[in-house]
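*Asks:* One structure is given below, represented as structure tokens, and several questions about it will come after.
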Amino acid sequence: MTKREQLGNFELMVMLALIRIGDNAYGVPISEELEKRTGRDVAIGSVYAALERLEDKGFVTSELGEATPERGGRAKRYFRVTARGLREVRETQRALVNLWHGLPELEGGRA
Amino acid sequence: MRSDQPPKAAAWLLRHFGCSPNNDAVIGDLDERYRQGRSALWYWRQALLAIVMSFCKEIWSHKPLAIRALLVGWMVKLICLSVYYRYAVEYQRFHYDPIEAGIFVPFIGVIALMGTGWIIAHTHRSHARSMVLLYITVELLVAAMTVHSMVNSGAVVSYPWGLSFSFTWISALTQIIGGIFFYFGIFNTLADLWISTGIMVVTILIGAGCFRATDDANSHALKSASV
């Protein structure tokens with residue numbers, strides 16, 4: 001069986017945030033989206049570590065954007081999900097749904 | 001009143017020790033969120049986490065390079081130590097002069113430490129910061145283990161592969177700093193040790209060029225550079 005690059009838990013969350021944001025996905029909106037959806041404080045350092053791993057796996061591409069004064073003149077780096085990345089998210093979703101299905105302990109929203 | 005500028009020390013630390021290939025973008029993002037109303041404490045926490053996470057990620061992603069960086073560092077140190085033992089120790093044995101020897105040993109030590117930092121940085125260009133920081137971390141751990149074993153047993157314990165050699169330079173510097181303190185009537189062995197350890201770390205970082213005012217020393221553009 002060949003080794004397939006897989007998505008970790010946090011990587012999957014970052015991928016979903018990227019898909020949700022679309023074209024304007026750089027560090028600030030990604031971390032805000034994650035904070036809003038998960039209700040937890042997110043370290044920008046961990047978001048970039050995940051994005052770099054995803055880029056190495058070929059699930060994400062990036063390009064430099066414009067610099068703005070509120071960023072101290074530093075350029076943004078925009079990230080976008082690749083077709084391969086999108087396929088991997090679908091695969092992960094299917095696997096998770098299969099695992100979830102038919103578990104009475106997890107039905108009804110109670111722990 | 002809250003300043004519009006992010007905490008300078010935290011920004012400086014991140015600029016010089018952030019190991020991410022996207023370090024510039026990370027700093028920009030933190031600045032943007034700080035100006036949106038985040039606190040200075042939040043900025044400090046984010047900056048320190050960004051340094052630690054980028055360091056761990058870089059080392060984990062480039063394990064063979066990390067091993068090579070450590071081997072290169074120890075090789076340079078062994079060469080310098082052979083020079084030290086050949087000239088300094090023999091010189092002390094036959095013509096013992098504590099002042100001259102006291103200058104000679106730290107001088108070789110400073111050259112060795114700067115040279116080690118420089119060589120590690122220049123043999124691992126696109127990952128220079130993370131590799132130099134890894135080398136310093138390992139040296140500090142070994143030095144701490146050596147000091148701990150000395151305090152407990154009263155003698156230096158030899159760690160595998162001659163790692164305890166890292167203690168040599170700290171020991172020489174500590175003796176000199178202790179001598180200066182002694183001259184002014186101060187006795188604080190722990191302070192001597194902390195200061196000499198600090199000198200060791202700063203010397204390696206200077207040699208590696210980590211304090212140079214370049215924002216893009218680890219930039220994304222260098223990602224594809226040869227290693």
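Letters for chains follow the order of the structure tokens (A, B, ...), residue numbers begin at 1 for each chain, and ligand numbers begin at 1 in the order shown.
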Please determine the contact residues of chain A with respect to chain B at a cut-off of 7 Å, counting only C-alpha atoms, and supply them as a list in words.
*Replies:* Gly27, Val28, Ala43, Ile44, Gly45, Ser46, Ala49, Glu70, Arg71, Gly72, Arg74, Ala75, Lys76 and Arg77 of chain A
*Asks:* Can you spit out the residues from that selection as a PDB file, in the first residue's frame, using N, CA, C and O atoms?
*Replies:*
```pdb
ATOM      1  N   GLY A  27      -3.051  35.213   6.692  1.00  0.00           N
ATOM      2  CA  GLY A  27      -2.963  34.867   8.114  1.00  0.00           C
ATOM      3  C   GLY A  27      -4.069  35.398   9.001  1.00  0.00           C
ATOM      4  O   GLY A  27      -4.666  34.638   9.775  1.00  0.00           O
ATOM      5  N   VAL A  28      -4.398  36.705   8.875  1.00  0.00           N
ATOM      6  CA  VAL A  28      -5.363  37.336   9.789  1.00  0.00           C
ATOM      7  C   VAL A  28      -6.779  36.763   9.613  1.00  0.00           C
ATOM      8  O   VAL A  28      -7.360  36.264  10.584  1.00  0.00           O
ATOM      9  N   ALA A  43      -3.026  30.487  17.751  1.00  0.00           N
ATOM     10  CA  ALA A  43      -1.720  31.128  17.574  1.00  0.00           C
ATOM     11  C   ALA A  43      -1.414  31.241  16.084  1.00  0.00           C
ATOM     12  O   ALA A  43      -1.516  30.238  15.359  1.00  0.00           O
ATOM     13  N   ILE A  44      -1.061  32.463  15.656  1.00  0.00           N
ATOM     14  CA  ILE A  44      -0.765  32.668  14.231  1.00  0.00           C
ATOM     15  C   ILE A  44       0.414  31.789  13.807  1.00  0.00           C
ATOM     16  O   ILE A  44       0.461  31.274  12.692  1.00  0.00           O
ATOM     17  N   GLY A  45       1.357  31.588  14.722  1.00  0.00           N
ATOM     18  CA  GLY A  45       2.510  30.726  14.440  1.00  0.00           C
ATOM     19  C   GLY A  45       2.095  29.311  14.074  1.00  0.00           C
ATOM     20  O   GLY A  45       2.659  28.703  13.162  1.00  0.00           O
ATOM     21  N   SER A  46       1.070  28.793  14.781  1.00  0.00           N
ATOM     22  CA  SER A  46       0.632  27.424  14.487  1.00  0.00           C
ATOM     23  C   SER A  46      -0.140  27.373  13.165  1.00  0.00           C
ATOM     24  O   SER A  46      -0.087  26.380  12.446  1.00  0.00           O
ATOM     25  N   ALA A  49       2.568  27.306  10.562  1.00  0.00           N
ATOM     26  CA  ALA A  49       3.238  25.998  10.547  1.00  0.00           C
ATOM     27  C   ALA A  49       2.381  24.991   9.776  1.00  0.00           C
ATOM     28  O   ALA A  49       2.887  24.223   8.959  1.00  0.00           O
ATOM     29  N   GLU A  70      -0.920  49.355   8.141  1.00  0.00           N
ATOM     30  CA  GLU A  70      -1.229  48.730   9.442  1.00  0.00           C
ATOM     31  C   GLU A  70      -0.450  47.436   9.667  1.00  0.00           C
ATOM     32  O   GLU A  70      -0.439  46.900  10.764  1.00  0.00           O
ATOM     33  N   ARG A  71       0.207  46.960   8.613  1.00  0.00           N
ATOM     34  CA  ARG A  71       1.054  45.767   8.741  1.00  0.00           C
ATOM     35  C   ARG A  71       2.525  46.164   8.842  1.00  0.00           C
ATOM     36  O   ARG A  71       3.409  45.313   8.697  1.00  0.00           O
ATOM     37  N   GLY A  72       2.783  47.439   9.062  1.00  0.00           N
ATOM     38  CA  GLY A  72       4.159  47.918   9.151  1.00  0.00           C
ATOM     39  C   GLY A  72       4.875  47.808   7.809  1.00  0.00           C
ATOM     40  O   GLY A  72       6.090  47.611   7.759  1.00  0.00           O
ATOM     41  N   ARG A  74       4.581  45.438   5.634  1.00  0.00           N
ATOM     42  CA  ARG A  74       4.935  44.054   5.267  1.00  0.00           C
ATOM     43  C   ARG A  74       3.846  43.439   4.383  1.00  0.00           C
ATOM     44  O   ARG A  74       2.654  43.670   4.604  1.00  0.00           O
ATOM     45  N   ALA A  75       4.311  42.643   3.422  1.00  0.00           N
ATOM     46  CA  ALA A  75       3.367  42.067   2.453  1.00  0.00           C
ATOM     47  C   ALA A  75       2.557  40.926   3.068  1.00  0.00           C
ATOM     48  O   ALA A  75       3.040  40.223   3.948  1.00  0.00           O
ATOM     49  N   LYS A  76       1.342  40.797   2.563  1.00  0.00           N
ATOM     50  CA  LYS A  76       0.506  39.653   2.974  1.00  0.00           C
ATOM     51  C   LYS A  76       0.910  38.437   2.148  1.00  0.00           C
ATOM     52  O   LYS A  76       1.419  38.596   1.035  1.00  0.00           O
ATOM     53  N   ARG A  77       0.667  37.257   2.680  1.00  0.00           N
ATOM     54  CA  ARG A  77       0.849  36.051   1.864  1.00  0.00           C
ATOM     55  C   ARG A  77      -0.501  35.355   1.752  1.00  0.00           C
ATOM     56  O   ARG A  77      -1.075  34.920   2.752  1.00  0.00           O
TER      57      ARG A  77
END
```
*Asks:* I need the residues in chain A that are helix (DSSP H, G or I) according to DSSP; give them as a ChimeraX atom specification.
*Replies:* /A:9-24,27-38,44-57,69-71,83-100,104-106
*Asks:* If you count only C-alpha atoms, which residues fall within 12 Å of Met13 of chain A, apart from same-chain ones fewer than 3 positions away, as JSON, numbers by chain?
*Replies:* {"A": [7, 8, 9, 10, 16, 17, 18, 19, 20, 30, 31, 33, 34, 35, 37, 38, 42, 46, 47, 50, 51, 54, 89, 92, 93]}
*Asks:* Generate the output file for the selected residues, C-alpha atoms, as a JSON list (two decimals), in the first residue's frame.
*Replies:*
```json
[["chain", "number", "residue", "atom", "x", "y", "z"],
["A", 7, "LEU", "CA", -4.50, 15.75, 6.80],
["A", 8, "GLY", "CA", -3.98, 16.22, 10.52],
["A", 9, "ASN", "CA", -6.77, 17.54, 12.72],
["A", 10, "PHE", "CA", -5.58, 21.17, 12.75],
["A", 16, "LEU", "CA", -11.85, 24.27, 5.78],
["A", 17, "ALA", "CA", -11.18, 27.88, 6.82],
["A", 18, "LEU", "CA", -9.32, 28.46, 3.53],
["A", 19, "ILE", "CA", -12.21, 27.05, 1.49],
["A", 20, "ARG", "CA", -14.68, 29.17, 3.46],
["A", 30, "ILE", "CA", -7.70, 32.55, 8.59],
["A", 31, "SER", "CA", -6.94, 32.84, 12.31],
["A", 33, "GLU", "CA", -12.22, 32.38, 11.06],
["A", 34, "LEU", "CA", -10.74, 29.57, 13.15],
["A", 35, "GLU", "CA", -11.31, 31.52, 16.36],
["A", 37, "ARG", "CA", -15.78, 28.76, 14.42],
["A", 38, "THR", "CA", -13.94, 26.88, 17.16],
["A", 42, "VAL", "CA", -5.46, 30.46, 17.80],
["A", 46, "SER", "CA", 0.63, 27.42, 14.49],
["A", 47, "VAL", "CA", -1.55, 28.53, 11.55],
["A", 50, "ALA", "CA", 0.14, 24.13, 9.30],
["A", 51, "LEU", "CA", -0.02, 26.18, 6.09],
["A", 54, "LEU", "CA", 0.06, 21.84, 3.60],
["A", 89, "VAL", "CA", -10.58, 17.23, 2.13],
["A", 92, "THR", "CA", -11.12, 12.92, 4.82],
["A", 93, "GLN", "CA", -14.76, 13.99, 5.11]]
```
*Asks:* With distances taken over only C-alpha atoms, which of A:Tyr78, A:Arg40, A:Glu5, A:Pro69 is nearest to Asn24 of chain A?
*Replies:* A:Tyr78
*Asks:* Could you pull out the strand (DSSP E or B) residues of chain A from DSSP and send them as a VMD selection string?
*Replies:* chain A and resid 60 to 67 75 to 81
*Asks:* With all heavy atoms retained, write the just-selected residues as a short mmCIF file (atom, residue, chain, number, x, y, z; two decimals), in the first residue's frame.
*Replies:*
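Resulting contents of again-v2.cif:
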```
data_model
loop_
_atom_site.label_atom_id
_atom_site.label_comp_id
_atom_site.auth_asym_id
_atom_site.auth_seq_id
_atom_site.Cartn_x
_atom_site.Cartn_y
_atom_site.Cartn_z
N VAL A 60 -1.94 23.18 -0.88
CA VAL A 60 -2.15 24.63 -0.83
C VAL A 60 -1.06 25.32 -1.65
O VAL A 60 0.06 24.83 -1.72
CB VAL A 60 -2.09 25.07 0.67
CG1 VAL A 60 -1.72 26.51 0.81
CG2 VAL A 60 -3.39 24.80 1.39
N THR A 61 -1.42 26.43 -2.29
CA THR A 61 -0.38 27.25 -2.95
C THR A 61 -0.44 28.64 -2.30
O THR A 61 -1.45 29.00 -1.69
CB THR A 61 -0.62 27.42 -4.46
OG1 THR A 61 -1.93 27.96 -4.64
CG2 THR A 61 -0.44 26.14 -5.21
N SER A 62 0.63 29.40 -2.48
CA SER A 62 0.63 30.74 -1.89
C SER A 62 1.29 31.74 -2.82
O SER A 62 2.08 31.37 -3.68
CB SER A 62 1.35 30.72 -0.54
OG SER A 62 2.74 30.60 -0.74
N GLU A 63 0.91 33.00 -2.62
CA GLU A 63 1.57 34.08 -3.37
C GLU A 63 1.59 35.35 -2.53
O GLU A 63 0.72 35.55 -1.67
CB GLU A 63 0.88 34.33 -4.71
CG GLU A 63 -0.59 34.69 -4.59
CD GLU A 63 -1.26 34.81 -5.96
OE1 GLU A 63 -0.83 34.09 -6.88
OE2 GLU A 63 -2.20 35.62 -6.07
N LEU A 64 2.61 36.18 -2.79
CA LEU A 64 2.74 37.43 -2.03
C LEU A 64 1.72 38.44 -2.50
O LEU A 64 1.45 38.55 -3.70
CB LEU A 64 4.14 38.00 -2.20
CG LEU A 64 5.22 37.56 -1.21
CD1 LEU A 64 6.52 38.26 -1.52
CD2 LEU A 64 4.80 37.84 0.23
N GLY A 65 1.15 39.16 -1.55
CA GLY A 65 0.17 40.20 -1.88
C GLY A 65 0.73 41.58 -1.60
O GLY A 65 1.95 41.77 -1.56
N GLU A 66 -0.19 42.51 -1.34
CA GLU A 66 0.21 43.90 -1.14
C GLU A 66 0.62 44.17 0.32
O GLU A 66 0.23 43.43 1.23
CB GLU A 66 -0.93 44.85 -1.54
CG GLU A 66 -2.09 44.93 -0.55
CD GLU A 66 -3.07 43.77 -0.58
OE1 GLU A 66 -2.76 42.73 -1.19
OE2 GLU A 66 -4.14 43.90 0.01
N ALA A 67 1.45 45.20 0.49
CA ALA A 67 1.84 45.64 1.84
C ALA A 67 0.94 46.81 2.23
O ALA A 67 0.60 47.64 1.40
CB ALA A 67 3.29 46.06 1.83
N ALA A 75 4.31 42.64 3.42
CA ALA A 75 3.37 42.07 2.45
C ALA A 75 2.56 40.93 3.07
O ALA A 75 3.04 40.22 3.95
CB ALA A 75 4.13 41.56 1.25
N LYS A 76 1.34 40.80 2.56
CA LYS A 76 0.51 39.65 2.97
C LYS A 76 0.91 38.44 2.15
O LYS A 76 1.42 38.60 1.04
CB LYS A 76 -0.97 39.96 2.68
CG LYS A 76 -1.55 41.07 3.51
CD LYS A 76 -2.92 41.43 3.00
CE LYS A 76 -3.49 42.61 3.78
NZ LYS A 76 -4.72 43.14 3.20
N ARG A 77 0.67 37.26 2.68
CA ARG A 77 0.85 36.05 1.86
C ARG A 77 -0.50 35.35 1.75
O ARG A 77 -1.08 34.92 2.75
CB ARG A 77 1.91 35.13 2.46
CG ARG A 77 2.13 33.86 1.63
CD ARG A 77 3.44 33.21 1.89
NE ARG A 77 4.56 33.90 1.29
CZ ARG A 77 4.93 33.81 0.01
NH1 ARG A 77 4.26 33.04 -0.82
NH2 ARG A 77 5.96 34.47 -0.43
N TYR A 78 -1.01 35.32 0.52
CA TYR A 78 -2.33 34.73 0.28
C TYR A 78 -2.21 33.23 0.00
O TYR A 78 -1.30 32.81 -0.73
CB TYR A 78 -3.00 35.41 -0.91
CG TYR A 78 -3.46 36.82 -0.61
CD1 TYR A 78 -2.76 37.91 -1.07
CD2 TYR A 78 -4.62 37.03 0.14
CE1 TYR A 78 -3.17 39.21 -0.79
CE2 TYR A 78 -5.04 38.32 0.42
CZ TYR A 78 -4.31 39.40 -0.05
OH TYR A 78 -4.74 40.67 0.24
N PHE A 79 -3.11 32.48 0.56
CA PHE A 79 -3.10 31.02 0.37
C PHE A 79 -4.37 30.57 -0.35
O PHE A 79 -5.43 31.15 -0.15
CB PHE A 79 -3.01 30.31 1.73
CG PHE A 79 -1.69 30.54 2.42
CD1 PHE A 79 -1.51 31.64 3.25
CD2 PHE A 79 -0.62 29.69 2.22
CE1 PHE A 79 -0.31 31.88 3.87
CE2 PHE A 79 0.60 29.92 2.84
CZ PHE A 79 0.76 31.01 3.67
N ARG A 80 -4.21 29.53 -1.17
CA ARG A 80 -5.35 29.00 -1.91
C ARG A 80 -5.28 27.46 -1.94
O ARG A 80 -4.20 26.90 -2.06
CB ARG A 80 -5.31 29.54 -3.35
CG ARG A 80 -6.59 29.28 -4.11
CD ARG A 80 -6.53 29.84 -5.51
NE ARG A 80 -6.21 31.27 -5.54
CZ ARG A 80 -5.68 31.89 -6.60
NH1 ARG A 80 -5.35 31.20 -7.67
NH2 ARG A 80 -5.44 33.18 -6.58
N VAL A 81 -6.43 26.83 -1.83
CA VAL A 81 -6.48 25.36 -1.84
C VAL A 81 -6.33 24.87 -3.28
O VAL A 81 -6.95 25.40 -4.19
CB VAL A 81 -7.82 24.86 -1.25
CG1 VAL A 81 -7.93 23.34 -1.33
CG2 VAL A 81 -7.97 25.32 0.19
#
```
*Asks:* For atom CA of Pro7 of chain B and atom CA of Ser130 of chain B, quote the distance in Å rounded to one decimal.
*Replies:* 23.3 Å
